[in-house]
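Novice: Got a structure for you, final_1.cif, holding mmCIF, C-alpha atoms.
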```
data_protein
#
loop_
_atom_site.group_PDB
_atom_site.id
_atom_site.type_symbol
_atom_site.label_atom_id
_atom_site.label_comp_id
_atom_site.auth_asym_id
_atom_site.auth_seq_id
_atom_site.Cartn_x
_atom_site.Cartn_y
_atom_site.Cartn_z
ATOM 1 C CA MET H 11 -29.117 50.980 93.143
ATOM 2 C CA ALA H 12 -25.414 51.070 93.524
ATOM 3 C CA THR H 13 -23.989 53.559 95.835
ATOM 4 C CA VAL H 14 -20.945 55.561 94.886
ATOM 5 C CA SER H 15 -18.442 55.966 97.671
ATOM 6 C CA SER H 16 -17.146 59.382 98.077
ATOM 7 C CA VAL H 17 -13.423 59.745 97.554
ATOM 8 C CA PRO H 18 -11.758 62.707 99.151
ATOM 9 C CA ASP H 19 -10.466 65.242 96.775
ATOM 10 C CA ALA H 20 -6.705 65.178 96.190
ATOM 11 C CA PRO H 21 -4.865 68.249 97.142
ATOM 12 C CA ARG H 22 -4.664 70.671 94.402
ATOM 13 C CA ILE H 23 -1.223 71.571 93.266
ATOM 14 C CA HIS H 24 -0.992 75.146 92.322
ATOM 15 C CA PRO H 25 1.633 76.122 89.732
ATOM 16 C CA PRO H 26 4.440 78.243 91.085
ATOM 17 C CA THR H 27 3.848 81.850 90.706
ATOM 18 C CA GLN H 28 6.392 84.361 89.483
ATOM 19 C CA ARG H 29 6.835 85.769 92.977
ATOM 20 C CA SER H 30 7.706 82.394 94.463
ATOM 21 C CA MET H 31 10.209 81.716 91.712
ATOM 22 C CA GLU H 32 11.954 84.988 92.377
ATOM 23 C CA VAL H 33 12.157 84.208 96.099
ATOM 24 C CA GLU H 34 13.603 80.775 95.425
ATOM 25 C CA ASP H 35 16.240 82.185 93.085
ATOM 26 C CA GLU H 36 17.490 84.627 95.657
ATOM 27 C CA ALA H 37 20.207 83.281 98.006
ATOM 28 C CA PRO H 38 19.624 83.752 101.679
ATOM 29 C CA PRO H 39 21.348 86.740 103.119
ATOM 30 C CA ARG H 40 23.370 84.621 105.516
ATOM 31 C CA ASP H 41 24.946 82.662 102.677
ATOM 32 C CA VAL H 42 26.045 85.853 101.020
ATOM 33 C CA ALA H 43 27.630 87.066 104.199
ATOM 34 C CA ARG H 44 29.378 83.692 104.717
ATOM 35 C CA TRP H 45 31.070 83.515 101.321
ATOM 36 C CA GLY H 46 31.642 87.202 100.766
ATOM 37 C CA ALA H 47 35.017 88.971 100.720
ATOM 38 C CA PRO H 48 36.677 89.418 104.131
ATOM 39 C CA PRO H 49 36.399 92.847 105.619
ATOM 40 C CA ALA H 50 39.198 95.245 104.809
ATOM 41 C CA PRO H 51 41.718 95.604 107.663
ATOM 42 C CA VAL H 52 41.645 98.810 109.542
ATOM 43 C CA LEU H 53 44.929 100.633 109.065
ATOM 44 C CA GLU H 54 46.375 101.957 112.265
ATOM 45 C CA GLU H 55 48.286 105.161 112.179
ATOM 46 C CA ALA H 56 52.063 104.516 112.304
ATOM 47 C CA THR H 57 53.708 105.861 115.382
ATOM 48 C CA PRO H 58 56.360 108.400 114.308
ATOM 49 C CA VAL H 59 59.899 107.434 115.325
ATOM 50 C CA PRO H 60 61.566 110.290 117.163
ATOM 51 C CA LEU H 61 64.765 111.520 115.533
ATOM 52 C CA LEU H 62 67.877 111.319 117.679
ATOM 53 C CA ARG H 63 69.530 114.671 117.720
ATOM 54 C CA GLY H 64 73.021 115.300 118.971
ATOM 55 C CA THR H 65 76.168 117.220 118.314
ATOM 56 C CA PRO H 66 77.705 116.115 115.000
ATOM 57 C CA THR H 67 81.276 114.892 115.052
ATOM 58 C CA PRO H 68 83.546 117.746 113.973
ATOM 59 C CA PRO H 69 85.833 117.057 111.035
ATOM 60 C CA LEU H 70 89.417 116.151 111.854
ATOM 61 C CA ASP H 71 91.840 118.981 111.248
ATOM 62 C CA LEU H 72 94.725 116.495 110.816
ATOM 63 C CA PRO H 73 94.996 113.023 109.280
ATOM 64 C CA LEU H 74 94.196 110.312 111.786
ATOM 65 C CA PRO H 75 97.722 108.766 112.032
ATOM 66 C CA VAL H 76 99.315 112.176 112.609
ATOM 67 C CA LEU H 77 96.633 113.191 115.102
ATOM 68 C CA VAL H 78 97.056 109.963 117.085
ATOM 69 C CA LEU H 79 100.835 110.332 117.259
ATOM 70 C CA THR H 80 100.720 113.975 118.342
ATOM 71 C CA GLU H 81 98.244 113.215 121.112
ATOM 72 C CA GLN H 82 100.227 110.158 122.177
ATOM 73 C CA ALA H 83 103.434 112.171 122.367
ATOM 74 C CA ARG H 84 101.750 114.551 124.804
ATOM 75 C CA ARG H 85 100.462 111.824 127.092
ATOM 76 C CA VAL H 86 103.294 109.292 127.282
ATOM 77 C CA PRO H 87 106.004 109.612 129.962
ATOM 78 C CA GLU H 88 108.956 111.812 129.141
ATOM 79 C CA ALA H 89 111.278 108.824 128.770
ATOM 80 C CA GLU H 90 109.103 107.388 125.965
ATOM 81 C CA ARG H 91 108.510 110.690 124.187
ATOM 82 C CA PRO H 92 111.585 110.507 121.884
ATOM 83 C CA LEU H 93 110.348 107.182 120.482
ATOM 84 C CA VAL H 94 106.915 108.611 119.653
ATOM 85 C CA ALA H 95 108.569 111.709 118.158
ATOM 86 C CA ALA H 96 110.654 109.459 115.891
ATOM 87 C CA ARG H 97 107.477 107.742 114.670
ATOM 88 C CA LEU H 98 105.868 111.094 113.999
ATOM 89 C CA ASN H 99 108.900 112.281 112.014
ATOM 90 C CA LEU H 100 108.749 109.103 109.951
ATOM 91 C CA GLN H 101 105.045 109.639 109.251
ATOM 92 C CA LEU H 102 105.694 113.205 108.106
ATOM 93 C CA SER H 103 108.404 112.012 105.721
ATOM 94 C CA ARG H 104 106.065 109.402 104.273
ATOM 95 C CA MET H 105 103.392 112.007 103.647
ATOM 96 C CA ALA H 106 105.884 114.192 101.793
ATOM 97 C CA ARG H 107 107.052 111.287 99.616
ATOM 98 C CA THR H 108 103.515 110.536 98.424
ATOM 99 C CA GLY H 109 103.460 113.727 96.386
ATOM 100 C CA GLY H 110 102.612 117.336 96.987
ATOM 101 C CA ASP H 111 99.060 118.642 96.893
ATOM 102 C CA ARG H 112 97.050 121.294 98.670
ATOM 103 C CA LEU H 113 95.729 118.924 101.324
ATOM 104 C CA VAL H 114 99.177 117.694 102.390
ATOM 105 C CA ALA H 115 100.610 121.211 102.429
ATOM 106 C CA ASP H 116 97.716 122.473 104.564
ATOM 107 C CA THR H 117 98.323 119.618 107.004
ATOM 108 C CA PHE H 118 101.946 120.662 107.517
ATOM 109 C CA LEU H 119 100.969 124.314 107.852
ATOM 110 C CA ARG H 120 98.298 123.569 110.465
ATOM 111 C CA MET H 121 100.735 121.525 112.505
ATOM 112 C CA LEU H 122 103.306 124.320 112.472
ATOM 113 C CA GLU H 123 100.800 127.071 113.242
ATOM 114 C CA SER H 124 99.003 125.193 116.036
ATOM 115 C CA GLY H 125 102.173 124.647 118.080
ATOM 116 C CA ARG H 126 101.447 120.953 118.620
ATOM 117 C CA LEU H 127 104.998 120.024 117.634
ATOM 118 C CA THR H 128 106.697 122.223 120.210
ATOM 119 C CA GLY H 129 109.028 120.264 122.481
ATOM 120 C CA LEU H 130 108.829 116.995 120.525
ATOM 121 C CA VAL H 131 112.355 115.722 119.781
ATOM 122 C CA ASP H 132 113.433 112.237 118.768
ATOM 123 C CA ALA H 133 116.438 110.374 120.150
ATOM 124 C CA LYS H 134 118.723 111.771 117.425
ATOM 125 C CA GLY H 135 117.944 115.369 118.317
ATOM 126 C CA ARG H 136 115.671 116.041 115.353
ATOM 127 C CA THR H 137 112.625 118.055 116.331
ATOM 128 C CA CYS H 138 109.202 117.296 114.892
ATOM 129 C CA ARG H 139 108.896 120.948 113.969
ATOM 130 C CA ALA H 140 112.042 120.730 111.851
ATOM 131 C CA ALA H 141 110.740 117.515 110.261
ATOM 132 C CA ALA H 142 107.477 119.257 109.308
ATOM 133 C CA VAL H 143 109.386 122.192 107.781
ATOM 134 C CA GLU H 144 111.595 119.821 105.779
ATOM 135 C CA ALA H 145 108.524 117.927 104.562
ATOM 136 C CA LEU H 146 106.823 121.156 103.476
ATOM 137 C CA LEU H 147 109.948 122.329 101.653
ATOM 138 C CA SER H 148 110.210 118.982 99.865
ATOM 139 C CA LEU H 149 106.798 119.572 98.266
ATOM 140 C CA GLY H 150 108.384 122.247 96.092
ATOM 141 C CA PHE H 151 106.749 125.203 94.422
ATOM 142 C CA PRO H 152 104.401 126.844 95.394
ATOM 143 C CA TYR H 153 104.003 125.227 98.808
ATOM 144 C CA ALA H 154 107.615 125.782 99.857
ATOM 145 C CA LEU H 155 107.050 129.538 99.624
ATOM 146 C CA GLU H 156 104.479 129.351 102.440
ATOM 147 C CA VAL H 157 107.048 128.425 105.110
ATOM 148 C CA GLN H 158 107.322 131.102 107.780
ATOM 149 C CA PRO H 159 110.750 132.721 108.445
ATOM 150 C CA GLU H 160 110.777 131.606 112.083
ATOM 151 C CA ASP H 161 110.212 128.000 111.016
ATOM 152 C CA LEU H 162 113.130 128.228 108.601
ATOM 153 C CA ALA H 163 115.330 129.637 111.376
ATOM 154 C CA HIS H 164 114.343 126.747 113.635
ATOM 155 C CA LEU H 165 115.248 124.250 110.911
ATOM 156 C CA ARG H 166 118.713 125.776 110.439
ATOM 157 C CA ALA H 167 119.388 125.872 114.184
ATOM 158 C CA ASN H 168 118.258 122.279 114.658
ATOM 159 C CA THR H 169 120.417 121.109 111.744
ATOM 160 C CA LEU H 170 123.508 122.778 113.173
ATOM 161 C CA GLN H 171 122.763 121.407 116.615
ATOM 162 C CA ARG H 172 122.438 117.858 115.287
ATOM 163 C CA LYS H 173 125.744 118.152 113.447
ATOM 164 C CA ALA H 174 127.428 119.365 116.622
ATOM 165 C CA HIS H 175 125.919 116.538 118.632
ATOM 166 C CA ARG H 176 127.450 113.946 116.327
ATOM 167 C CA LEU H 177 130.944 115.070 117.348
ATOM 168 C CA LYS H 178 130.457 115.469 121.084
ATOM 169 C CA PRO H 179 130.493 111.789 122.155
ATOM 170 C CA GLY H 180 133.935 111.418 120.621
ATOM 171 C CA ALA H 181 135.044 114.662 122.205
ATOM 172 C CA CYS H 182 133.866 113.506 125.640
ATOM 173 C CA MET H 183 135.704 110.223 125.284
ATOM 174 C CA ALA H 184 138.861 111.974 124.081
ATOM 175 C CA VAL H 185 138.848 114.318 127.067
ATOM 176 C CA LEU H 186 138.406 111.473 129.550
ATOM 177 C CA VAL H 187 141.090 109.314 127.912
ATOM 178 C CA GLY H 188 143.434 112.299 127.952
ATOM 179 C CA GLY H 189 142.816 112.749 131.674
ATOM 180 C CA ILE H 190 143.474 109.078 132.343
ATOM 181 C CA GLY H 191 146.744 109.291 130.381
ATOM 182 C CA ALA H 192 147.841 112.328 132.336
ATOM 183 C CA GLN H 193 147.010 110.541 135.581
ATOM 184 C CA VAL H 194 149.090 107.502 134.551
ATOM 185 C CA VAL H 195 152.093 109.752 133.902
ATOM 186 C CA HIS H 196 151.536 111.490 137.235
ATOM 187 C CA GLU H 197 151.401 108.166 139.079
ATOM 188 C CA ALA H 198 154.568 106.991 137.359
ATOM 189 C CA LEU H 199 156.441 110.102 138.474
ATOM 190 C CA PHE H 200 154.947 110.425 141.960
ATOM 191 C CA ARG H 201 154.087 107.130 143.560
ATOM 192 C CA GLN H 202 151.705 107.512 146.479
ATOM 193 C CA GLY H 203 151.081 104.033 147.816
ATOM 194 C CA ASP H 204 147.756 102.182 147.439
ATOM 195 C CA SER H 205 145.934 103.046 144.255
ATOM 196 C CA SER H 206 142.762 100.963 144.712
ATOM 197 C CA LEU H 207 140.526 104.029 144.936
ATOM 198 C CA LEU H 208 142.126 105.444 141.816
ATOM 199 C CA THR H 209 141.489 102.200 139.958
ATOM 200 C CA SER H 210 137.832 102.250 141.048
ATOM 201 C CA GLN H 211 137.537 105.874 139.963
ATOM 202 C CA VAL H 212 138.912 105.121 136.487
ATOM 203 C CA GLY H 213 136.684 102.045 136.099
ATOM 204 C CA LEU H 214 133.488 103.882 137.091
ATOM 205 C CA SER H 215 134.363 106.817 134.847
ATOM 206 C CA LEU H 216 134.842 104.516 131.838
ATOM 207 C CA LEU H 217 131.569 102.723 132.613
ATOM 208 C CA ALA H 218 129.692 106.022 132.747
ATOM 209 C CA MET H 219 131.335 107.136 129.513
ATOM 210 C CA ALA H 220 130.222 103.897 127.806
ATOM 211 C CA ALA H 221 126.606 104.718 128.749
ATOM 212 C CA LEU H 222 126.981 108.222 127.336
ATOM 213 C CA TRP H 223 128.543 106.845 124.166
ATOM 214 C CA LEU H 224 125.959 104.167 123.423
ATOM 215 C CA ALA H 225 122.698 105.634 124.739
ATOM 216 C CA PRO H 226 120.868 108.452 122.886
ATOM 217 C CA PRO H 227 120.369 111.756 124.712
ATOM 218 C CA ARG H 228 117.290 112.289 126.871
ATOM 219 C CA THR H 229 117.036 108.618 127.739
ATOM 220 C CA PRO H 230 117.242 107.134 131.260
ATOM 221 C CA VAL H 231 120.502 105.303 130.506
ATOM 222 C CA TYR H 232 122.120 108.472 129.199
ATOM 223 C CA ARG H 233 121.115 110.459 132.261
ATOM 224 C CA VAL H 234 122.286 107.774 134.668
ATOM 225 C CA GLY H 235 125.674 107.736 132.942
ATOM 226 C CA LEU H 236 125.884 111.536 133.074
ATOM 227 C CA LEU H 237 125.062 111.577 136.791
ATOM 228 C CA MET H 238 127.561 108.827 137.570
ATOM 229 C CA LEU H 239 130.370 110.513 135.658
ATOM 230 C CA THR H 240 129.689 113.828 137.383
ATOM 231 C CA LEU H 241 129.654 112.390 140.907
ATOM 232 C CA VAL H 242 132.690 110.162 140.460
ATOM 233 C CA SER H 243 134.741 112.917 138.839
ATOM 234 C CA LEU H 244 133.746 115.494 141.445
ATOM 235 C CA ALA H 245 134.582 113.144 144.310
ATOM 236 C CA GLY H 246 137.961 112.262 142.786
ATOM 237 C CA ALA H 247 138.946 115.848 142.095
ATOM 238 C CA VAL H 248 137.948 117.099 145.572
ATOM 239 C CA SER H 249 139.569 114.179 147.373
ATOM 240 C CA ALA H 250 142.827 114.547 145.463
ATOM 241 C CA ALA H 251 142.928 118.324 145.925
ATOM 242 C CA LEU H 252 142.307 118.101 149.685
ATOM 243 C CA GLY H 253 144.500 115.048 150.164
ATOM 244 C CA VAL H 254 141.696 113.096 151.806
ATOM 245 C CA ALA H 255 142.135 109.963 149.682
ATOM 246 C CA HIS H 256 144.431 108.741 146.955
ATOM 247 C CA MET H 257 142.298 109.461 143.888
ATOM 248 C CA GLY H 258 143.085 110.935 140.504
ATOM 249 C CA LEU H 259 143.014 114.697 140.201
ATOM 250 C CA TRP H 260 143.531 114.636 136.442
ATOM 251 C CA VAL H 261 140.916 111.941 135.956
ATOM 252 C CA GLY H 262 138.471 113.947 138.026
ATOM 253 C CA LEU H 263 139.032 117.170 136.126
ATOM 254 C CA ALA H 264 138.801 115.407 132.767
ATOM 255 C CA GLY H 265 135.622 113.636 133.882
ATOM 256 C CA LEU H 266 134.010 116.933 134.859
ATOM 257 C CA VAL H 267 134.805 118.434 131.444
ATOM 258 C CA ALA H 268 133.434 115.339 129.710
ATOM 259 C CA ALA H 269 130.253 115.515 131.807
ATOM 260 C CA PHE H 270 129.835 119.171 130.859
ATOM 261 C CA LEU H 271 130.128 118.333 127.149
ATOM 262 C CA ALA H 272 127.642 115.484 127.569
ATOM 263 C CA ALA H 273 125.186 117.848 129.254
ATOM 264 C CA LEU H 274 125.513 120.276 126.336
ATOM 265 C CA ARG H 275 124.862 117.398 123.945
ATOM 266 C CA GLU H 276 121.626 116.563 125.725
ATOM 267 C CA GLY H 277 120.522 120.175 125.861
#
```
Let's see the structure in the file written out as structure tokens.

Specialist:
Amino acid sequence: MATVSSVPDAPRIHPPTQRSMEVEDEAPPRDVARWGAPPAPVLEEATPVPLLRGTPTPPLDLPLPVLVLTEQARRVPEAERPLVAARLNLQLSRMARTGGDRLVADTFLRMLESGRLTGLVDAKGRTCRAAAVEALLSLGFPYALEVQPEDLAHLRANTLQRKAHRLKPGACMAVLVGGIGAQVVHEALFRQGDSSLLTSQVGLSLLAMAALWLAPPRTPVYRVGLLMLTLVSLAGAVSAALGVAHMGLWVGLAGLVAAFLAALREG
């Protein structure tokens, strides 16, 4: 009788259950975390910027060009002050030519009321105060009515003074030339020997008069000429009167008168 060999049973394959299918369909948690959206950044609170506090710049009471010139005229040496005053007078005239309005008129009024223009005179003798009054008057109605009486009086006085100053250089020269002529006649009638000192006196007097004629008042050249004419004339007059040296009495007296007129012109 044939024997039947026993064959081991094959492993039994169980069909997948519903639970196992659900587990297989689900992605592992680590994969979800790997491909998920990046975490939202944590917003840090912005540090507040402190506000810088300080004193605000005050508004300018005068236009910048006028303010610069007025301050410069106060700080420059006295010899350079007439030049700065002339620039300021020119700036005031330009402002008046641009046309009259309330702002320009108030600028002129503030300058006159503040006293910043006191003592500022150009080389021709025109004061900055008079220039401001003229500029305000040139604006016409109604701004011209706001000029103060004392400012009008200053304008009239300065105008008369400038007209008088235009004649005084010629008057000084005429007086000195007249003295030299009188001295020539005196020397022709009364010869007194060596006249070298007299010639030097006449030459120095004419040189000083040339400085007074060409240089504007209140300038170093003008004052050097005035000092030279005064000293030379005084020395000549005293020496001739005392008989110490042969110098011109008439030239000395005429030179002293001319120096006095030149001093009035500067003042």

Novice: Between H:Ala115, H:Val185, H:Ala272, H:Val94, which residue has the minimum interatomic distance to Ala154 in chain H, considering all atoms listed in the file?

Specialist: H:Ala115

Novice: When the PyMOL selection byres ((chain H and resi 190) around 8) is applied to the file above, which residues end up in the set, as an mmCIF file with C-alpha atoms, keeping the file's coordinate frame?

Specialist:
```cif
data_model
loop_
_atom_site.group_PDB
_atom_site.id
_atom_site.type_symbol
_atom_site.label_atom_id
_atom_site.label_comp_id
_atom_site.auth_asym_id
_atom_site.auth_seq_id
_atom_site.Cartn_x
_atom_site.Cartn_y
_atom_site.Cartn_z
ATOM 1 C CA LEU H 186 138.406 111.473 129.550
ATOM 2 C CA VAL H 187 141.090 109.314 127.912
ATOM 3 C CA GLY H 188 143.434 112.299 127.952
ATOM 4 C CA GLY H 189 142.816 112.749 131.674
ATOM 5 C CA GLY H 191 146.744 109.291 130.381
ATOM 6 C CA ALA H 192 147.841 112.328 132.336
ATOM 7 C CA GLN H 193 147.010 110.541 135.581
ATOM 8 C CA VAL H 194 149.090 107.502 134.551
ATOM 9 C CA VAL H 212 138.912 105.121 136.487
ATOM 10 C CA TRP H 260 143.531 114.636 136.442
ATOM 11 C CA VAL H 261 140.916 111.941 135.956
ATOM 12 C CA ALA H 264 138.801 115.407 132.767
#
```

Novice: Can you pull out every residue within 9 Å of Leu271 in chain H, counting only C-alpha atoms, but drop anything in the same chain fewer than 4 positions away, and send it as a PyMOL selection string?

Specialist: chain H and resi 178-179+181-182+266-267+275-276

Novice: Could you tell me how far CA of Ala250 in chain H sits from CA of Phe200 in chain H, in Å to one decimal place?

Specialist: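 Answer for the CA of Phe200 in chain H to CA of Ala250 in chain H separation: 13.3 Å.
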
Novice: Need the shell around Gly135 in chain H: protein/DNA/RNA residues with any atom at most 9 Å away, counting all atoms listed in the file. Skip same-chain ones fewer than 3 positions apart. Format as number ranges by chain?

Specialist: H: 92, 131-132, 168, 171-172, 175, 226-227, 276

Novice: Just want the 12 Å neighbourhood of Ala218 in chain H, counted on only C-alpha atoms, with same-chain residues fewer than 4 positions away dropped. Output as a PDB file with C-alpha atoms, keeping the file's coordinate frame.

Specialist:
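Result saved to result01.pdb:
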```pdb
ATOM      1  CA  CYS H 182     133.866 113.506 125.640  1.00  0.00           C
ATOM      2  CA  MET H 183     135.704 110.223 125.284  1.00  0.00           C
ATOM      3  CA  LEU H 186     138.406 111.473 129.550  1.00  0.00           C
ATOM      4  CA  GLN H 211     137.537 105.874 139.963  1.00  0.00           C
ATOM      5  CA  VAL H 212     138.912 105.121 136.487  1.00  0.00           C
ATOM      6  CA  GLY H 213     136.684 102.045 136.099  1.00  0.00           C
ATOM      7  CA  LEU H 214     133.488 103.882 137.091  1.00  0.00           C
ATOM      8  CA  LEU H 222     126.981 108.222 127.336  1.00  0.00           C
ATOM      9  CA  TRP H 223     128.543 106.845 124.166  1.00  0.00           C
ATOM     10  CA  LEU H 224     125.959 104.167 123.423  1.00  0.00           C
ATOM     11  CA  ALA H 225     122.698 105.634 124.739  1.00  0.00           C
ATOM     12  CA  VAL H 231     120.502 105.303 130.506  1.00  0.00           C
ATOM     13  CA  TYR H 232     122.120 108.472 129.199  1.00  0.00           C
ATOM     14  CA  ARG H 233     121.115 110.459 132.261  1.00  0.00           C
ATOM     15  CA  VAL H 234     122.286 107.774 134.668  1.00  0.00           C
ATOM     16  CA  GLY H 235     125.674 107.736 132.942  1.00  0.00           C
ATOM     17  CA  LEU H 236     125.884 111.536 133.074  1.00  0.00           C
ATOM     18  CA  LEU H 237     125.062 111.577 136.791  1.00  0.00           C
ATOM     19  CA  MET H 238     127.561 108.827 137.570  1.00  0.00           C
ATOM     20  CA  LEU H 239     130.370 110.513 135.658  1.00  0.00           C
ATOM     21  CA  THR H 240     129.689 113.828 137.383  1.00  0.00           C
ATOM     22  CA  LEU H 241     129.654 112.390 140.907  1.00  0.00           C
ATOM     23  CA  VAL H 242     132.690 110.162 140.460  1.00  0.00           C
ATOM     24  CA  SER H 243     134.741 112.917 138.839  1.00  0.00           C
ATOM     25  CA  GLY H 265     135.622 113.636 133.882  1.00  0.00           C
ATOM     26  CA  LEU H 266     134.010 116.933 134.859  1.00  0.00           C
ATOM     27  CA  ALA H 268     133.434 115.339 129.710  1.00  0.00           C
ATOM     28  CA  ALA H 269     130.253 115.515 131.807  1.00  0.00           C
ATOM     29  CA  ALA H 272     127.642 115.484 127.569  1.00  0.00           C
TER      30      ALA H 272
END
```

Novice: Please expand the PyMOL selection byres ((chain H and resi 155-164) around 12) into the concrete residues it hits in this file, giving the result as a VMD selection string.

Specialist: chain H and resid 112 115 to 116 118 to 123 125 127 to 128 136 to 154 165 to 171

Novice: Which is closest to Val78 in chain H among H:Gln101, H:Ser210, H:Gln202, H:Thr229, if we use all atoms listed in the file?

Specialist: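 Of the candidates, the smallest distance to Val78 in chain H is held by H:Gln101.
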
Novice: Between CA of Met257 in chain H and CA of Ser205 in chain H, what is the distance, to one decimal in Å?

Specialist: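 CA of Ser205 in chain H lies 7.4 Å from CA of Met257 in chain H.
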
Novice: Measure the distance from CA of Gly203 in chain H to CA of Leu259 in chain H in Å and round it to one decimal.

Specialist: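 These atoms are spaced 15.4 Å apart.
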
Novice: Under the rule that only C-alpha atoms are counted, which of H:Leu74, H:Leu130, H:Val114, H:Leu252 is the nearest residue to Val86 in chain H?

Specialist: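 Closest to Val86 in chain H of all the choices is H:Leu130.
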
Novice: So which residues get picked by the PyMOL selection byres ((chain H and resi 83) around 9) here, written as a list in words?

Specialist: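 Checking the PyMOL selection byres ((chain H and resi 83) around 9) against this file, the residues are Val78, Leu79, Thr80, Glu81, Gln82, Arg84, Arg85, Val86, Pro87, Glu88, Glu90, Arg91, Pro92, Leu93, Val94, Ala95, Leu98 and Leu130 of chain H.
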
Novice: With all atoms listed in the file as the basis for distance, which of H:Arg228, H:Leu208, H:Leu216, H:Thr117 is at the shortest distance from Gly258 in chain H?

Specialist: H:Leu208
